[in-house]
$ cat coords18.cif   # mmCIF, C-alpha atoms
data_my_file
#
loop_
_atom_site.label_atom_id
_atom_site.label_comp_id
_atom_site.auth_asym_id
_atom_site.auth_seq_id
_atom_site.Cartn_x
_atom_site.Cartn_y
_atom_site.Cartn_z
CA MET A 1 -170.55 -13.47 194.30
CA ILE A 2 -169.81 -10.57 192.01
CA LYS A 3 -166.40 -9.25 191.03
CA GLY A 4 -164.62 -7.85 194.08
CA ASP A 5 -166.72 -9.76 196.62
CA ASN A 6 -165.05 -11.89 199.28
CA SER A 7 -166.33 -14.25 201.93
CA PHE A 8 -164.95 -16.63 204.51
CA VAL A 9 -164.87 -20.30 203.52
CA PRO A 10 -164.53 -23.22 205.93
CA SER A 11 -160.94 -24.23 206.70
CA VAL A 12 -161.38 -27.73 205.29
CA PRO A 13 -160.18 -29.48 202.12
CA LEU A 14 -162.06 -27.65 199.34
CA ARG A 15 -162.78 -28.80 195.80
CA ILE A 16 -162.84 -25.86 193.39
CA GLY A 17 -164.51 -26.33 190.03
CA VAL A 18 -163.40 -24.13 187.12
CA ARG A 19 -166.01 -24.40 184.35
CA GLY A 20 -165.54 -23.17 180.80
CA ALA A 21 -165.05 -25.05 177.54
CA GLY A 22 -161.59 -24.46 176.06
CA LEU A 23 -160.16 -22.99 179.28
CA ASP A 24 -156.97 -24.30 180.88
CA ALA A 25 -156.95 -24.04 184.67
CA MET A 26 -153.96 -23.73 186.97
CA ALA A 27 -153.07 -22.60 190.50
CA LEU A 28 -150.25 -20.39 191.80
CA LEU A 29 -149.21 -20.69 195.45
CA LEU A 30 -147.86 -17.33 196.65
CA THR A 31 -145.95 -16.18 199.71
CA GLU A 32 -146.42 -12.87 201.52
CA SER A 33 -144.28 -11.21 198.83
CA GLY A 34 -146.95 -11.98 196.22
CA ALA A 35 -144.67 -14.34 194.31
CA VAL A 36 -144.07 -18.07 193.96
CA ARG A 37 -140.93 -19.60 195.46
CA GLY A 38 -140.17 -21.54 192.30
CA ASP A 39 -141.68 -23.69 189.56
CA GLY A 40 -142.97 -26.15 192.17
CA ASP A 41 -145.55 -23.58 193.31
CA VAL A 42 -147.22 -23.64 189.87
CA VAL A 43 -149.83 -26.40 189.49
CA PHE A 44 -150.94 -27.02 185.87
CA HIS A 45 -151.59 -29.90 183.49
CA GLY A 46 -147.84 -30.54 183.09
CA ALA A 47 -147.31 -30.69 186.89
CA PRO A 48 -150.79 -31.45 188.31
CA VAL A 49 -149.72 -32.04 191.94
CA HIS A 50 -147.92 -29.56 194.22
CA PRO A 51 -144.79 -31.09 195.85
CA SER A 52 -146.51 -30.83 199.25
CA GLY A 53 -149.57 -32.68 197.95
CA THR A 54 -151.87 -29.92 199.19
CA VAL A 55 -153.05 -28.76 195.73
CA ARG A 56 -154.04 -31.15 192.93
CA LEU A 57 -155.45 -30.53 189.45
CA THR A 58 -157.71 -32.97 187.62
CA GLU A 59 -159.97 -32.50 184.63
CA ALA A 60 -163.37 -33.99 183.91
CA ARG A 61 -164.81 -34.73 180.50
CA ASP A 62 -167.48 -32.03 180.74
CA GLY A 63 -164.94 -29.21 180.47
CA THR A 64 -164.67 -28.69 184.22
CA ALA A 65 -161.24 -28.57 185.84
CA TRP A 66 -161.04 -29.46 189.52
CA LEU A 67 -158.53 -28.03 191.98
CA ASP A 68 -158.42 -29.89 195.28
CA VAL A 69 -156.98 -27.52 197.90
CA GLY A 70 -156.17 -28.81 201.38
CA LEU A 71 -156.58 -25.62 203.40
CA THR A 72 -155.72 -27.41 206.64
CA THR A 73 -152.33 -28.61 205.40
CA ILE A 74 -151.01 -25.73 203.25
CA GLU A 75 -147.58 -24.57 204.41
CA ASP A 76 -147.58 -21.51 206.67
CA ARG A 77 -145.39 -19.60 204.19
CA ILE A 78 -148.14 -19.79 201.57
CA THR A 79 -150.57 -16.91 202.14
CA ARG A 80 -152.54 -16.92 198.84
CA VAL A 81 -153.62 -19.46 196.25
CA LEU A 82 -154.57 -17.97 192.87
CA VAL A 83 -157.07 -19.78 190.63
CA VAL A 84 -156.04 -18.94 187.05
CA GLY A 85 -157.60 -19.61 183.67
CA SER A 86 -156.05 -19.20 180.21
CA THR A 87 -156.94 -19.91 176.61
CA ALA A 88 -154.79 -21.42 173.85
CA HIS A 89 -157.28 -20.30 171.17
CA GLY A 90 -159.52 -17.26 171.34
CA THR A 91 -159.94 -14.99 174.36
CA ILE A 92 -161.61 -15.11 177.76
CA ARG A 93 -164.63 -13.41 176.19
CA ASP A 94 -165.10 -16.49 174.01
CA VAL A 95 -165.30 -18.93 176.94
CA ALA A 96 -168.95 -19.78 177.50
CA GLY A 97 -170.27 -20.39 181.00
CA LEU A 98 -167.04 -19.40 182.77
CA SER A 99 -167.39 -19.79 186.54
CA VAL A 100 -165.53 -20.74 189.70
CA GLU A 101 -167.29 -22.66 192.48
CA ALA A 102 -165.93 -23.99 195.78
CA PHE A 103 -167.37 -27.10 197.45
CA ALA A 104 -166.93 -28.47 200.96
CA PRO A 105 -166.13 -32.20 201.43
CA ASP A 106 -169.84 -33.03 201.77
CA GLY A 107 -170.62 -31.43 198.40
CA THR A 108 -172.04 -28.21 199.81
CA SER A 109 -171.36 -25.17 197.62
CA VAL A 110 -169.71 -22.52 199.80
CA ALA A 111 -168.95 -19.86 197.15
CA ARG A 112 -169.56 -19.28 193.43
CA TYR A 113 -168.41 -16.60 191.00
CA ASP A 114 -169.75 -16.36 187.44
CA VAL A 115 -167.29 -14.45 185.25
CA THR A 116 -169.33 -12.19 182.99
CA ASP A 117 -166.94 -9.39 182.03
CA GLY A 118 -164.18 -11.22 180.17
CA ALA A 119 -162.73 -9.20 177.28
CA GLY A 120 -159.84 -9.61 174.83
CA GLU A 121 -157.38 -11.04 177.36
CA THR A 122 -156.10 -14.60 177.08
CA ALA A 123 -155.37 -15.18 180.78
CA MET A 124 -157.16 -14.18 183.96
CA VAL A 125 -156.84 -14.51 187.73
CA LEU A 126 -160.35 -15.79 188.32
CA ALA A 127 -160.33 -16.03 192.12
CA GLU A 128 -157.99 -16.28 195.07
CA LEU A 129 -157.94 -17.99 198.44
CA TYR A 130 -156.14 -15.94 201.08
CA ARG A 131 -155.50 -16.11 204.81
CA ARG A 132 -157.44 -13.77 207.07
CA SER A 133 -157.96 -13.72 210.86
CA GLY A 134 -156.81 -17.31 211.36
CA GLY A 135 -159.02 -18.66 208.56
CA TRP A 136 -159.38 -18.46 204.79
CA LYS A 137 -161.37 -16.19 202.48
CA LEU A 138 -162.23 -16.55 198.79
CA ARG A 139 -162.30 -13.43 196.63
CA ALA A 140 -163.87 -13.08 193.17
CA VAL A 141 -161.01 -11.36 191.31
CA GLY A 142 -161.66 -11.40 187.54
CA GLN A 143 -158.37 -9.63 186.67
CA GLY A 144 -157.44 -10.21 183.03
CA TYR A 145 -154.01 -10.02 181.37
CA ALA A 146 -153.85 -8.79 177.77
CA ASN A 147 -150.23 -10.00 177.59
CA GLY A 148 -151.43 -13.50 178.31
CA LEU A 149 -150.29 -16.21 180.64
CA ALA A 150 -146.65 -15.14 180.32
CA GLY A 151 -147.44 -11.67 181.66
CA LEU A 152 -149.56 -13.06 184.50
CA ALA A 153 -146.82 -15.52 185.43
CA ARG A 154 -144.06 -12.87 185.41
CA ASP A 155 -146.10 -10.62 187.69
CA HIS A 156 -146.12 -13.42 190.27
CA GLY A 157 -142.45 -14.39 190.14
CA VAL A 158 -142.54 -17.24 187.61
CA ASP A 159 -139.41 -17.46 185.46
CA VAL A 160 -140.82 -17.38 181.91
CA ALA A 161 -138.61 -18.26 178.96
CA ASP A 162 -137.94 -15.70 176.22
CA PRO A 163 -140.91 -15.98 173.84
CA ASP A 164 -138.62 -15.33 170.84
CA ALA A 165 -136.41 -18.29 171.67
CA PRO A 166 -137.27 -21.63 170.04
CA GLN A 167 -139.10 -23.89 172.47
CA ALA A 168 -139.84 -27.55 172.43
CA PRO A 169 -143.55 -28.37 172.21
CA LEU A 170 -145.30 -29.36 175.42
CA PRO A 171 -145.80 -33.09 175.91
CA PRO A 172 -149.29 -34.36 175.17
CA ARG A 173 -151.66 -34.45 178.09
CA THR A 174 -152.26 -37.79 179.69
CA PRO A 175 -155.92 -38.74 180.03
CA PRO A 176 -157.07 -37.61 183.50
CA ALA A 177 -158.51 -40.02 185.98
CA PRO A 178 -162.31 -39.89 186.17
CA VAL A 179 -163.60 -37.51 188.80
CA ALA A 180 -166.80 -38.19 190.67
CA PRO A 181 -169.27 -35.36 190.00
CA VAL A 182 -170.24 -33.19 192.90
CA ALA A 183 -173.89 -33.69 193.75
CA PRO A 184 -175.95 -30.49 193.69
CA VAL A 185 -177.10 -29.40 197.08
CA ALA A 186 -179.40 -26.73 198.41
CA PRO A 187 -177.76 -23.40 199.23
CA VAL A 188 -176.55 -22.91 202.76
CA GLY A 189 -178.94 -20.68 204.66
CA PHE A 190 -178.03 -18.55 207.65
CA VAL A 191 -180.72 -18.05 210.22
CA PRO A 192 -180.67 -14.42 211.37
CA ALA A 193 -180.85 -13.51 215.01
CA PRO A 194 -184.02 -11.79 216.32
CA SER A 195 -184.44 -8.34 214.87
CA ALA A 196 -182.76 -5.58 216.79
CA PRO A 197 -184.18 -2.06 217.13
CA ALA A 198 -182.98 0.37 214.53
CA PHE A 199 -180.17 2.69 215.49
CA ALA A 200 -180.39 6.44 215.14
CA LEU A 201 -177.26 7.47 213.27
CA PRO A 202 -176.14 10.98 212.40
CA PRO A 203 -176.26 11.74 208.66
CA MET A 204 -173.02 11.72 206.73
CA PRO A 205 -171.72 15.28 206.31
CA PRO A 206 -171.95 16.59 202.75
CA VAL A 207 -168.85 16.18 200.62
CA PRO A 208 -167.58 19.57 199.41
CA PRO A 209 -166.75 20.07 195.72
CA ALA A 210 -163.33 19.01 194.56
CA GLY A 211 -160.55 21.51 195.19
CA PRO A 212 -156.82 21.72 195.84
CA VAL A 213 -155.36 19.16 198.23
CA ALA A 214 -153.24 20.28 201.15
CA PRO A 215 -149.99 18.30 201.47
CA ALA A 216 -149.35 16.23 204.56
CA VAL A 217 -147.18 17.98 207.15
CA PRO A 218 -145.07 15.71 209.38
CA VAL A 219 -144.88 16.81 213.01
CA SER A 220 -142.32 15.66 215.56
CA PRO A 221 -143.86 13.24 218.10
CA ALA A 222 -142.19 15.24 220.90
CA ALA A 223 -143.82 18.52 219.90
CA PRO A 224 -146.82 19.94 221.78
CA ASP A 225 -150.18 18.72 220.52
CA PRO A 226 -151.65 21.52 218.38
CA LEU A 227 -153.37 19.13 215.97
CA PRO A 228 -157.14 18.80 215.47
CA TYR A 229 -157.49 15.18 216.57
CA GLY A 230 -160.92 13.54 216.65
CA PRO A 231 -163.11 12.67 219.63
CA GLY A 232 -161.43 10.69 222.37
CA TYR A 233 -157.90 11.91 221.73
CA GLY A 234 -155.94 12.64 224.87
CA PRO A 235 -152.83 11.77 226.87
CA GLY A 236 -151.73 8.19 227.44
CA TRP A 237 -151.25 7.10 223.82
CA SER A 238 -147.78 7.20 222.29
CA TYR A 239 -147.87 4.42 219.67
CA GLY A 240 -147.46 5.22 215.99
CA PRO A 241 -146.37 8.32 214.05
CA VAL A 242 -147.75 11.80 214.71
CA PHE A 243 -148.52 14.15 211.82
CA ALA A 244 -151.09 16.64 210.60
CA PRO A 245 -154.10 14.87 209.03
CA TYR A 246 -154.14 14.65 205.22
CA THR A 247 -157.44 15.20 203.37
CA GLN A 248 -158.39 14.70 199.74
CA ILE A 249 -161.77 15.01 198.02
CA GLY A 250 -162.83 13.80 194.61
CA ARG A 251 -165.39 11.92 192.60
CA ASP A 252 -165.59 8.35 191.23
CA ASN A 253 -162.53 6.14 190.71
CA ASP A 254 -159.07 7.49 191.52
CA VAL A 255 -155.56 6.62 192.72
CA ILE A 256 -154.49 8.58 195.80
CA THR A 257 -150.86 9.22 196.73
CA VAL A 258 -150.06 10.46 200.24
CA SER A 259 -146.43 11.59 200.47
CA GLY A 260 -144.39 12.88 203.39
CA LEU A 261 -145.89 10.72 206.14
CA PRO A 262 -143.65 8.91 208.66
CA PRO A 263 -143.82 5.10 208.43
CA GLY A 264 -146.27 3.24 210.62
CA PRO A 265 -149.97 2.41 211.14
CA VAL A 266 -152.52 5.12 210.34
CA VAL A 267 -156.31 5.50 210.22
CA VAL A 268 -157.95 6.06 206.83
CA GLN A 269 -161.46 7.51 206.90
CA LEU A 270 -163.53 7.21 203.72
CA ASP A 271 -166.95 8.79 203.11
CA VAL A 272 -168.72 8.16 199.79
CA GLN A 273 -172.04 9.61 198.67
CA GLY A 274 -173.72 7.32 196.20
CA ASP A 275 -174.75 3.76 195.55
CA GLY A 276 -172.78 0.96 193.97
CA TYR A 277 -169.53 -0.79 194.82
CA THR A 278 -166.86 0.85 197.01
CA GLY A 279 -163.35 -0.60 197.08
CA LEU A 280 -160.12 0.71 198.61
CA VAL A 281 -156.88 -1.17 197.94
CA VAL A 282 -153.27 -0.54 199.01
CA LEU A 283 -150.82 -0.52 196.10
CA ASP A 284 -147.32 -1.90 196.62
CA ARG A 285 -144.01 -0.62 195.24
CA ARG A 286 -144.67 -2.42 191.95
CA ASN A 287 -148.02 -0.58 191.70
CA LYS A 288 -149.85 -3.87 192.19
CA GLU A 289 -152.86 -4.42 194.44
CA LYS A 290 -151.56 -5.59 197.83
CA GLU A 291 -154.35 -5.47 200.41
CA TYR A 292 -158.07 -4.67 200.35
CA LEU A 293 -159.05 -2.14 203.02
CA VAL A 294 -162.66 -1.64 201.88
CA ASN A 295 -164.82 -4.03 199.86
CA SER A 296 -168.45 -2.97 200.22
CA THR A 297 -171.71 -2.77 198.29
CA GLU A 298 -173.37 -0.51 200.90
CA ASP A 299 -174.94 2.74 199.71
CA ASP A 300 -173.35 5.94 201.07
CA PHE A 301 -170.37 4.06 202.48
CA ARG A 302 -168.63 5.50 205.51
CA GLY A 303 -165.97 3.99 207.71
CA ARG A 304 -162.45 4.05 209.13
CA VAL A 305 -159.84 1.39 208.37
CA LEU A 306 -156.23 0.62 209.25
CA ALA A 307 -153.38 1.09 206.79
CA THR A 308 -149.60 1.14 207.16
CA VAL A 309 -147.36 3.80 205.62
CA PRO A 310 -144.34 1.98 204.14
CA GLU A 311 -140.83 2.72 205.37
CA LYS A 312 -139.78 3.75 201.87
CA GLY A 313 -142.09 5.58 199.52
CA PRO A 314 -145.59 7.08 199.82
CA LEU A 315 -148.87 5.48 200.85
CA ARG A 316 -150.74 4.73 197.62
CA LEU A 317 -154.42 3.79 197.58
CA LYS A 318 -156.61 2.73 194.65
CA LEU A 319 -160.23 3.82 195.13
CA GLU A 320 -163.29 2.47 193.32
CA ALA A 321 -166.40 4.57 194.00
CA GLU A 322 -169.47 5.94 192.29
CA GLY A 323 -170.10 9.51 193.36
CA PRO A 324 -168.34 12.21 195.41
CA TRP A 325 -166.01 11.13 198.21
CA ARG A 326 -163.78 12.43 200.97
CA LEU A 327 -160.69 10.59 202.26
CA GLU A 328 -158.67 11.50 205.36
CA VAL A 329 -155.46 9.91 206.68
CA SER A 330 -154.92 10.53 210.42
CA PRO A 331 -152.55 9.31 213.13
CA LEU A 332 -153.56 6.22 215.05
CA ALA A 333 -153.75 8.47 218.12
CA ALA A 334 -156.70 10.26 216.50
CA ALA A 335 -158.94 7.17 216.69
CA ARG A 336 -161.86 7.16 219.13
CA ARG A 337 -161.37 5.78 222.64
CA LEU A 338 -163.57 3.01 223.96
CA THR A 339 -165.49 4.08 227.07
CA GLU A 340 -168.38 2.81 229.19
CA GLU A 341 -170.74 5.02 227.20
CA ALA A 342 -172.40 3.28 224.25
CA VAL A 343 -171.58 5.05 220.98
CA ALA A 344 -173.33 4.42 217.64
CA TYR A 345 -171.27 3.70 214.54
CA ARG A 346 -171.81 2.50 210.99
CA GLY A 347 -169.34 0.59 208.85
CA PRO A 348 -165.76 -0.42 209.69
CA GLU A 349 -164.05 1.42 212.53
CA VAL A 350 -160.78 1.68 214.46
CA LEU A 351 -161.00 2.13 218.26
CA LEU A 352 -158.43 2.40 221.05
CA HIS A 353 -158.48 0.87 224.54
CA THR A 354 -155.99 2.24 227.05
CA GLY A 355 -157.41 0.96 230.35
CA GLY A 356 -157.25 -2.30 232.24
CA VAL A 357 -158.94 -5.65 231.68
CA ALA A 358 -162.54 -5.13 230.49
CA ASP A 359 -165.37 -6.66 228.46
CA LEU A 360 -166.50 -5.21 225.13
CA ALA A 361 -170.26 -5.24 224.56
CA ILE A 362 -171.32 -5.06 220.89
CA HIS A 363 -174.84 -4.67 219.46
CA TYR A 364 -174.72 -5.25 215.68
CA GLY A 365 -177.67 -4.40 213.43
CA GLY A 366 -176.27 -5.41 210.01
CA ASP A 367 -177.06 -8.44 207.87
CA ASP A 368 -173.55 -9.31 206.65
CA ASN A 369 -170.22 -10.22 208.24
CA LEU A 370 -169.19 -8.75 211.58
CA ILE A 371 -165.42 -9.18 211.99
CA VAL A 372 -163.59 -7.72 215.01
CA ASN A 373 -159.82 -8.01 215.53
CA VAL A 374 -157.56 -6.77 218.32
CA TYR A 375 -153.89 -5.73 218.23
CA GLU A 376 -152.21 -6.08 221.62
CA LEU A 377 -149.41 -3.50 221.82
CA ALA A 378 -147.89 -4.31 225.22
CA GLY A 379 -144.24 -5.23 224.65
CA HIS A 380 -144.39 -4.38 220.93
CA ASP A 381 -141.78 -1.66 220.41
CA ASP A 382 -141.72 -1.43 216.59
CA HIS A 383 -143.89 1.62 215.90
CA THR A 384 -143.57 1.19 212.13
CA ALA A 385 -145.86 -1.85 212.11
CA LEU A 386 -148.65 -3.43 214.12
CA PRO A 387 -148.24 -6.84 215.77
CA ARG A 388 -150.16 -9.86 214.52
CA ASP A 389 -153.90 -9.44 215.08
CA GLU A 390 -156.16 -11.74 217.09
CA ASN A 391 -159.72 -12.37 215.89
CA LEU A 392 -162.44 -11.74 218.51
CA VAL A 393 -165.66 -11.96 216.45
CA ASN A 394 -166.45 -13.48 213.05
CA GLU A 395 -170.20 -13.83 212.67
CA ILE A 396 -172.99 -13.07 210.17
CA GLY A 397 -176.21 -11.15 210.82
CA LYS A 398 -177.79 -9.20 213.67
CA ARG A 399 -176.45 -10.14 217.07
CA ARG A 400 -175.27 -9.11 220.52
CA GLU A 401 -171.76 -10.05 221.57
CA THR A 402 -169.71 -9.54 224.73
CA VAL A 403 -166.02 -10.38 224.34
CA PRO A 404 -163.16 -10.06 226.86
CA LEU A 405 -160.38 -7.53 226.26
CA PRO A 406 -156.92 -7.79 227.84
CA GLN A 407 -155.25 -4.79 229.42
CA GLY A 408 -154.42 -1.92 227.07
CA PRO A 409 -152.97 -0.41 225.08
CA LEU A 410 -155.00 -2.11 222.35
CA VAL A 411 -156.19 -1.32 218.85
CA VAL A 412 -159.69 -2.75 218.33
CA GLN A 413 -160.48 -3.04 214.62
CA PHE A 414 -164.01 -3.58 213.30
CA GLU A 415 -162.73 -4.88 209.98
CA ALA A 416 -166.14 -5.70 208.51
CA ALA A 417 -169.42 -4.20 209.73
CA ASP A 418 -171.74 -3.32 206.85
CA GLY A 419 -174.52 -1.83 208.93
CA PRO A 420 -175.21 0.05 212.18
CA TRP A 421 -173.73 -1.04 215.49
CA LYS A 422 -172.97 0.12 219.03
CA ALA A 423 -170.07 -0.66 221.34
CA ARG A 424 -169.16 0.10 224.95
CA LEU A 425 -166.82 -1.12 227.67
CA LYS A 426 -168.00 -3.09 230.71
CA ARG A 427 -165.47 -2.76 233.51
CA VAL A 428 -164.37 -5.94 235.27
#
$ encode --input "coords18.cif" --output "structure tokens"
Amino acid sequence: MIKGDNSFVPSVPLRIGVRGAGLDAMALLLTESGAVRGDGDVVFHGAPVHPSGTVRLTEARDGTAWLDVGLTTIEDRITRVLVVGSTAHGTIRDVAGLSVEAFAPDGTSVARYDVTDGAGETAMVLAELYRRSGGWKLRAVGQGYANGLAGLARDHGVDVADPDAPQAPLPPRTPPAPVAPVAPVAPVGFVPAPSAPAFALPPMPPVPPAGPVAPAVPVSPAAPDPLPYGPGYGPGWSYGPVFAPYTQIGRDNDVITVSGLPPGPVVVQLDVQGDGYTGLVVLDRRNKEKEYLVNSTEDDFRGRVLATVPEKGPLRLKLEAEGPWRLEVSPLAAARRLTEEAVAYRGPEVLLHTGGVADLAIHYGGDDNLIVNVYELAGHDDHTALPRDENLVNEIGKRRETVPLPQGPLVVQFEAADGPWKARLKRV
């Protein structure tokens, strides 16, 4: 994995090795708020076992620290587990061979991240485990903190003592129990499905040069529909806010603020011309990264993703891109409708289903993850947020899938689809 990558890991007890001479490892167990509940959610050499017993820290003599994380028994309130490293002497740059690697119970390596861009910081969030679609993902984070472990801890709700106040020295570490080394194993290989015919996709429209940005204009949901919604828009959809689409163009990395939108779920379309990494992250009220919407290494990225405008404050998005880009925020009602006609797409997408019970036929031509979720809106009256999603597909590589859909209204989200694909409804 490289910095910013994420992948699903098996929902089993994992052993995570943190390698690096002179590095102290620890884990922070966070709730949905992005903070710990108290000192008990910090696992380090002074408190090596979480009160629940689900996270344990041990250290081997070769400079490797081991975090045993019981993914099947972690409390529901815990949504993220941060893997943190810090130095008492020197900086992260000085730690040779710094890496994080996760192993399944049989010793199989399921993910590895070699940290190669450490700088003058003394503490770093190396990786994180987080819940997604009923399972767990591991993300290579590599976020350093120049203000050290105290700054990292404060950002995640840990009550840190005043550094100017006199403090008693930490007790000496007790010798750790010997840890059996993990036997090296061959990498896990995925056997791709038979090759599918290439799809003919329309080229991405050229991105115009940067210019002034038109402000978003809220429109009353009860007003007539004069807005330029995309293909498939029509009567029968009343969920979510209605407003004039907001468009911004630019080049390379940027932070985008969209003010004046009513709260609720929206569609964000992103088109990037260029190669390299593309990332789009929602920023919270503290200006911290909250949720990844896009995390792709595809050239000329294009796709539509779901975001939620907060009840208080603007929608703020942090964009990482190399090259010119165009971003548009539209109402959920502007998303394409699923029909019985097969339509070609590329990248993540948001689709609507307003009919009765049906089957969804998918033909995927990519080589990476295909993740499809559905949001069932029947009986959900809070238009400022979507209900909990249900995962329909979570596979890797080229494939054909047919999955059942309940009666609409539904939001069908292709969360991950790095590659071409087609979808159509099959009436029951």
$ closest_residue --input "coords18.cif" --among "A:Ala35, A:Ile78, A:Ala88, A:Leu352" --to "Ala335 (chain A)" --atoms "only C-alpha atoms"
A:Leu352
$ atom_distance --input "coords18.cif" --atom1 "CA of Arg93 (chain A)" --atom2 "CA of Ala146 (chain A)"
11.8 Å
$ closest_residue --input "coords18.cif" --among "A:Gly157, A:Val141, A:Arg316, A:Gly279" --to "Gly38 (chain A)" --atoms "only C-alpha atoms"
A:Gly157
$ atom_distance --input "coords18.cif" --atom1 "CA of Arg139 (chain A)" --atom2 "CA of Pro48 (chain A)"
22.9 Å
$ atom_distance --input "coords18.cif" --atom1 "CA of Pro310 (chain A)" --atom2 "CA of Glu415 (chain A)"
20.5 Å
$ closest_residue --input "coords18.cif" --among "A:Asn394, A:Asn147, A:Ser238, A:Thr79" --to "Leu410 (chain A)" --atoms "only C-alpha atoms"
A:Ser238
$ resolve_selection --input "coords18.cif" --expression "the PyMOL selection byres ((chain A and resi 249-253) around 7)" --output "list in words"
Ala210, Thr247, Gln248, Asp254, Leu319, Glu320, Ala321, Glu322, Gly323, Pro324, Trp325, Arg326 and Leu327 of chain A
$ residues_around --input "coords18.cif" --residues "Pro409 (chain A)" --least-positions-apart "6" --cutoff "7 Å" --atoms "all atoms listed in the file" --output "list in words"
His353, Thr354, Glu376, Leu377 and Ala378 of chain A
$ residues_around --input "coords18.cif" --residues "Asp381 (chain A)" --least-positions-apart "6" --cutoff "10 Å" --atoms "all atoms listed in the file" --output "list in words"
Tyr239, Gly240 and Pro387 of chain A
$ resolve_selection --input "coords18.cif" --expression "the PyMOL selection byres ((chain A and resi 149-153) around 10)" --output "JSON, numbers by chain"
{"A": [28, 35, 36, 42, 84, 85, 86, 87, 88, 121, 122, 123, 124, 125, 143, 144, 145, 146, 147, 148, 154, 155, 156, 157, 158, 159, 160, 161, 162, 163]}
$ resolve_selection --input "coords18.cif" --expression "the PyMOL selection byres ((chain A and resi 290) around 12)" --output "list of chain:residue names"
A:Glu32, A:Ser33, A:Gly34, A:Ala35, A:Arg80, A:Tyr130, A:Leu280, A:Val281, A:Val282, A:Leu283, A:Asp284, A:Arg285, A:Arg286, A:Asn287, A:Lys288, A:Glu289, A:Glu291, A:Tyr292, A:Leu293, A:Ala307, A:Thr308, A:Leu315, A:Arg316, A:Leu317, A:Lys318
$ residues_near_point --input "coords18.cif" --point "(-165.0, -11.7, 188.4)" --cutoff "9 Å" --atoms "all atoms listed in the file" --output "JSON, numbers by chain"
{"A": [1, 2, 3, 4, 5, 99, 113, 114, 115, 116, 117, 118, 125, 126, 127, 139, 140, 141, 142, 143]}
